[in-house]
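K.L.:
mmCIF, N, CA and C atoms, saved as data36.cif, coming up:
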```
data_protein
loop_
_atom_site.label_atom_id
_atom_site.label_comp_id
_atom_site.auth_asym_id
_atom_site.auth_seq_id
_atom_site.Cartn_x
_atom_site.Cartn_y
_atom_site.Cartn_z
N MET A 1 8.44 -53.50 -25.62
CA MET A 1 9.44 -52.49 -25.86
C MET A 1 10.78 -53.14 -26.19
N ASN A 2 11.04 -54.20 -25.54
CA ASN A 2 12.27 -54.92 -25.76
C ASN A 2 12.33 -55.47 -27.18
N GLN A 3 11.19 -55.97 -27.67
CA GLN A 3 11.12 -56.53 -29.02
C GLN A 3 11.34 -55.44 -30.07
N SER A 4 10.74 -54.27 -29.91
CA SER A 4 10.89 -53.21 -30.88
C SER A 4 12.31 -52.64 -30.86
N LEU A 5 12.97 -52.68 -29.71
CA LEU A 5 14.36 -52.23 -29.63
C LEU A 5 15.27 -53.18 -30.41
N LYS A 6 15.02 -54.48 -30.30
CA LYS A 6 15.79 -55.47 -31.05
C LYS A 6 15.55 -55.29 -32.56
N THR A 7 14.28 -55.04 -32.94
CA THR A 7 13.96 -54.84 -34.34
C THR A 7 14.65 -53.59 -34.87
N LEU A 8 14.64 -52.52 -34.08
CA LEU A 8 15.29 -51.28 -34.47
C LEU A 8 16.79 -51.49 -34.62
N LEU A 9 17.39 -52.24 -33.70
CA LEU A 9 18.81 -52.54 -33.77
C LEU A 9 19.15 -53.36 -35.02
N LYS A 10 18.31 -54.35 -35.33
CA LYS A 10 18.52 -55.16 -36.53
C LYS A 10 18.43 -54.30 -37.79
N LEU A 11 17.44 -53.41 -37.82
CA LEU A 11 17.28 -52.53 -38.97
C LEU A 11 18.49 -51.60 -39.13
N ALA A 12 19.00 -51.11 -37.98
CA ALA A 12 20.15 -50.22 -38.03
C ALA A 12 21.37 -50.96 -38.55
N VAL A 13 21.58 -52.20 -38.08
CA VAL A 13 22.71 -53.00 -38.55
C VAL A 13 22.55 -53.31 -40.03
N ALA A 14 21.34 -53.67 -40.46
CA ALA A 14 21.09 -53.97 -41.86
C ALA A 14 21.31 -52.72 -42.72
N GLY A 15 20.89 -51.57 -42.25
CA GLY A 15 21.08 -50.32 -42.98
C GLY A 15 22.55 -49.99 -43.11
N ALA A 16 23.31 -50.18 -42.03
CA ALA A 16 24.75 -49.91 -42.08
C ALA A 16 25.44 -50.87 -43.05
N ALA A 17 25.03 -52.13 -43.02
CA ALA A 17 25.62 -53.11 -43.94
C ALA A 17 25.31 -52.73 -45.39
N MET A 18 24.09 -52.30 -45.64
CA MET A 18 23.71 -51.88 -47.00
C MET A 18 24.54 -50.67 -47.43
N GLY A 19 24.75 -49.75 -46.49
CA GLY A 19 25.56 -48.57 -46.80
C GLY A 19 26.98 -48.94 -47.19
N VAL A 20 27.58 -49.87 -46.46
CA VAL A 20 28.93 -50.33 -46.76
C VAL A 20 28.96 -51.03 -48.11
N LEU A 21 27.97 -51.89 -48.36
CA LEU A 21 27.92 -52.60 -49.64
C LEU A 21 27.75 -51.64 -50.81
N VAL A 22 26.89 -50.65 -50.66
CA VAL A 22 26.68 -49.68 -51.72
C VAL A 22 27.96 -48.88 -51.96
N GLY A 23 28.63 -48.51 -50.90
CA GLY A 23 29.89 -47.77 -51.04
C GLY A 23 30.93 -48.60 -51.76
N CYS A 24 31.03 -49.88 -51.42
CA CYS A 24 31.99 -50.75 -52.10
C CYS A 24 31.60 -50.96 -53.55
N ALA A 25 30.32 -51.12 -53.81
CA ALA A 25 29.85 -51.32 -55.18
C ALA A 25 30.13 -50.08 -56.01
N THR A 26 29.92 -48.91 -55.41
CA THR A 26 30.19 -47.67 -56.13
C THR A 26 31.66 -47.56 -56.45
N LYS A 27 32.51 -47.91 -55.50
CA LYS A 27 33.95 -47.87 -55.72
C LYS A 27 34.35 -48.85 -56.82
N ALA A 28 33.80 -50.08 -56.75
CA ALA A 28 34.11 -51.08 -57.77
C ALA A 28 33.59 -50.62 -59.12
N SER A 29 32.41 -50.05 -59.13
CA SER A 29 31.83 -49.55 -60.37
C SER A 29 32.68 -48.42 -60.93
N SER A 30 33.16 -47.55 -60.06
CA SER A 30 34.00 -46.44 -60.49
C SER A 30 35.31 -46.96 -61.10
N ASP A 31 35.91 -47.97 -60.46
CA ASP A 31 37.14 -48.56 -61.00
C ASP A 31 36.88 -49.21 -62.36
N THR A 32 35.75 -49.91 -62.47
CA THR A 32 35.39 -50.56 -63.73
C THR A 32 35.16 -49.52 -64.81
N MET A 33 34.46 -48.46 -64.45
CA MET A 33 34.19 -47.41 -65.42
C MET A 33 35.48 -46.75 -65.88
N GLN A 34 36.41 -46.54 -64.95
CA GLN A 34 37.69 -45.92 -65.30
C GLN A 34 38.48 -46.81 -66.23
N SER A 35 38.49 -48.13 -65.95
CA SER A 35 39.23 -49.04 -66.82
C SER A 35 38.58 -49.11 -68.20
N GLU A 36 37.26 -49.07 -68.25
CA GLU A 36 36.57 -49.08 -69.54
C GLU A 36 36.85 -47.78 -70.28
N LEU A 37 36.88 -46.68 -69.56
CA LEU A 37 37.18 -45.39 -70.18
C LEU A 37 38.61 -45.38 -70.73
N ASP A 38 39.54 -45.93 -69.97
CA ASP A 38 40.92 -46.03 -70.45
C ASP A 38 41.01 -46.90 -71.70
N GLU A 39 40.24 -47.99 -71.73
CA GLU A 39 40.24 -48.87 -72.89
C GLU A 39 39.67 -48.16 -74.11
N VAL A 40 38.60 -47.42 -73.92
CA VAL A 40 38.00 -46.67 -75.03
C VAL A 40 38.96 -45.59 -75.52
N ARG A 41 39.63 -44.94 -74.59
CA ARG A 41 40.60 -43.90 -74.96
C ARG A 41 41.74 -44.51 -75.78
N ALA A 42 42.21 -45.68 -75.37
CA ALA A 42 43.29 -46.35 -76.11
C ALA A 42 42.82 -46.74 -77.51
N MET A 43 41.58 -47.21 -77.62
CA MET A 43 41.03 -47.57 -78.93
C MET A 43 40.92 -46.32 -79.82
N ALA A 44 40.50 -45.22 -79.24
CA ALA A 44 40.37 -43.97 -80.01
C ALA A 44 41.73 -43.49 -80.50
N GLU A 45 42.74 -43.59 -79.65
CA GLU A 45 44.08 -43.18 -80.05
C GLU A 45 44.62 -44.08 -81.16
N ALA A 46 44.34 -45.39 -81.07
CA ALA A 46 44.77 -46.31 -82.12
C ALA A 46 44.07 -45.98 -83.43
N ALA A 47 42.78 -45.66 -83.34
CA ALA A 47 42.03 -45.29 -84.55
C ALA A 47 42.58 -44.01 -85.16
N MET A 48 42.94 -43.05 -84.33
CA MET A 48 43.52 -41.81 -84.84
C MET A 48 44.86 -42.07 -85.52
N ASP A 49 45.67 -42.96 -84.96
CA ASP A 49 46.94 -43.31 -85.58
C ASP A 49 46.72 -43.96 -86.94
N GLU A 50 45.75 -44.88 -87.01
CA GLU A 50 45.45 -45.54 -88.28
C GLU A 50 44.93 -44.53 -89.30
N ALA A 51 44.09 -43.61 -88.86
CA ALA A 51 43.56 -42.59 -89.77
C ALA A 51 44.67 -41.70 -90.29
N SER A 52 45.61 -41.37 -89.43
CA SER A 52 46.74 -40.54 -89.84
C SER A 52 47.59 -41.27 -90.87
N THR A 53 47.84 -42.53 -90.65
CA THR A 53 48.60 -43.34 -91.60
C THR A 53 47.87 -43.45 -92.93
N ALA A 54 46.55 -43.65 -92.85
CA ALA A 54 45.75 -43.74 -94.08
C ALA A 54 45.79 -42.42 -94.85
N MET A 55 45.77 -41.32 -94.13
CA MET A 55 45.80 -40.01 -94.78
C MET A 55 47.13 -39.81 -95.50
N ILE A 56 48.22 -40.18 -94.87
CA ILE A 56 49.54 -40.06 -95.50
C ILE A 56 49.62 -40.93 -96.75
N THR A 57 49.10 -42.15 -96.64
CA THR A 57 49.09 -43.06 -97.79
C THR A 57 48.24 -42.49 -98.92
N ALA A 58 47.09 -41.93 -98.57
CA ALA A 58 46.20 -41.36 -99.59
C ALA A 58 46.86 -40.16 -100.28
N GLU A 59 47.56 -39.34 -99.51
CA GLU A 59 48.26 -38.20 -100.12
C GLU A 59 49.34 -38.67 -101.09
N GLY A 60 50.05 -39.73 -100.71
CA GLY A 60 51.06 -40.30 -101.60
C GLY A 60 50.43 -40.86 -102.87
N ALA A 61 49.31 -41.53 -102.72
CA ALA A 61 48.61 -42.08 -103.89
C ALA A 61 48.09 -40.97 -104.79
N GLU A 62 47.63 -39.90 -104.18
CA GLU A 62 47.14 -38.76 -104.97
C GLU A 62 48.28 -38.15 -105.79
N THR A 63 49.45 -38.03 -105.18
CA THR A 63 50.61 -37.49 -105.88
C THR A 63 50.99 -38.39 -107.06
N LEU A 64 51.01 -39.70 -106.83
CA LEU A 64 51.33 -40.64 -107.91
C LEU A 64 50.29 -40.58 -109.02
N ALA A 65 49.02 -40.49 -108.64
CA ALA A 65 47.96 -40.43 -109.65
C ALA A 65 48.06 -39.15 -110.47
N SER A 66 48.40 -38.07 -109.81
CA SER A 66 48.56 -36.79 -110.52
C SER A 66 49.71 -36.88 -111.52
N GLY A 67 50.81 -37.49 -111.12
CA GLY A 67 51.94 -37.68 -112.01
C GLY A 67 51.58 -38.57 -113.19
N ALA A 68 50.82 -39.63 -112.93
CA ALA A 68 50.39 -40.53 -114.00
C ALA A 68 49.47 -39.80 -114.97
N GLN A 69 48.59 -38.95 -114.44
CA GLN A 69 47.69 -38.18 -115.30
C GLN A 69 48.47 -37.21 -116.18
N ASP A 70 49.47 -36.57 -115.60
CA ASP A 70 50.31 -35.65 -116.38
C ASP A 70 51.01 -36.40 -117.52
N THR A 71 51.56 -37.57 -117.21
CA THR A 71 52.23 -38.38 -118.22
C THR A 71 51.25 -38.80 -119.32
N ALA A 72 50.05 -39.20 -118.91
CA ALA A 72 49.04 -39.60 -119.89
C ALA A 72 48.65 -38.42 -120.79
N ASN A 73 48.53 -37.24 -120.22
CA ASN A 73 48.20 -36.05 -121.01
C ASN A 73 49.32 -35.73 -122.01
N GLU A 74 50.57 -35.82 -121.56
CA GLU A 74 51.70 -35.57 -122.45
C GLU A 74 51.72 -36.57 -123.60
N ASN A 75 51.48 -37.84 -123.28
CA ASN A 75 51.46 -38.87 -124.33
C ASN A 75 50.32 -38.63 -125.32
N SER A 76 49.19 -38.21 -124.79
CA SER A 76 48.05 -37.93 -125.67
C SER A 76 48.37 -36.78 -126.63
N GLU A 77 49.03 -35.76 -126.12
CA GLU A 77 49.42 -34.63 -126.98
C GLU A 77 50.42 -35.08 -128.04
N LYS A 78 51.38 -35.93 -127.68
CA LYS A 78 52.36 -36.44 -128.64
C LYS A 78 51.66 -37.24 -129.74
N ILE A 79 50.73 -38.08 -129.33
CA ILE A 79 50.01 -38.90 -130.31
C ILE A 79 49.21 -38.00 -131.25
N ASP A 80 48.58 -36.98 -130.70
CA ASP A 80 47.82 -36.04 -131.54
C ASP A 80 48.74 -35.34 -132.54
N ARG A 81 49.90 -34.90 -132.09
CA ARG A 81 50.85 -34.23 -133.00
C ARG A 81 51.32 -35.19 -134.09
N MET A 82 51.60 -36.44 -133.69
CA MET A 82 52.04 -37.43 -134.67
C MET A 82 50.93 -37.70 -135.68
N PHE A 83 49.70 -37.77 -135.22
CA PHE A 83 48.59 -38.01 -136.12
C PHE A 83 48.42 -36.84 -137.09
N GLU A 84 48.53 -35.62 -136.57
CA GLU A 84 48.40 -34.44 -137.42
C GLU A 84 49.52 -34.41 -138.47
N ARG A 85 50.73 -34.77 -138.08
CA ARG A 85 51.85 -34.80 -139.03
C ARG A 85 51.60 -35.82 -140.11
N SER A 86 51.08 -36.97 -139.72
CA SER A 86 50.84 -38.02 -140.71
C SER A 86 49.72 -37.62 -141.67
N MET A 87 48.80 -36.78 -141.23
CA MET A 87 47.71 -36.33 -142.09
C MET A 87 48.21 -35.34 -143.14
N TYR A 88 49.26 -34.56 -142.81
CA TYR A 88 49.80 -33.57 -143.75
C TYR A 88 50.67 -34.23 -144.82
N LYS A 89 51.16 -35.41 -144.59
CA LYS A 89 52.08 -36.05 -145.53
C LYS A 89 51.34 -36.69 -146.64
#
```
For the file at hand, write its structure as structure tokens.

P.N.:
Amino acid sequence: MNQSLKTLLKLAVAGAAMGVLVGCATKASSDTMQSELDEVRAMAEAAMDEASTAMITAEGAETLASGAQDTANENSEKIDRMFERSMYK
């Protein structure tokens, strides 16, 4: 009986130690997960900022391209008129 009481006591101490270790590991894991989540959130925000900047740049490029196309169309019309005038002479 004495031997089984010692074994039971050892098991109880080992179980309590495991409980403490698991609790600490869970806490450490939770802190690690939170820091990783914060890092991912920061990366996502940086990506959104870059995407916003790219969108503004693209809109500016589209405006410039539209202006260039308008100028090219005007020049094409002028050349056509000049060619037609030269054909009548």

K.L.:
Atom N of Ser30 (chain A) to atom N of Glu50 (chain A): how many Å, to one decimal?

P.N.:
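Computed distance, atom N of Ser30 (chain A) to atom N of Glu50 (chain A), equals 29.9 Å.
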
K.L.:
For CA of Arg41 (chain A) and atom N of Glu59 (chain A), determine how far apart the two atoms are, in Å to one decimal place.

P.N.:
25.9 Å

K.L.:
Give me, please, the distance in Å between CA of Met82 (chain A) and CA of Ser66 (chain A), quoted to one decimal.

P.N.:
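Taking CA of Met82 (chain A) and CA of Ser66 (chain A), their separation equals 24.4 Å.
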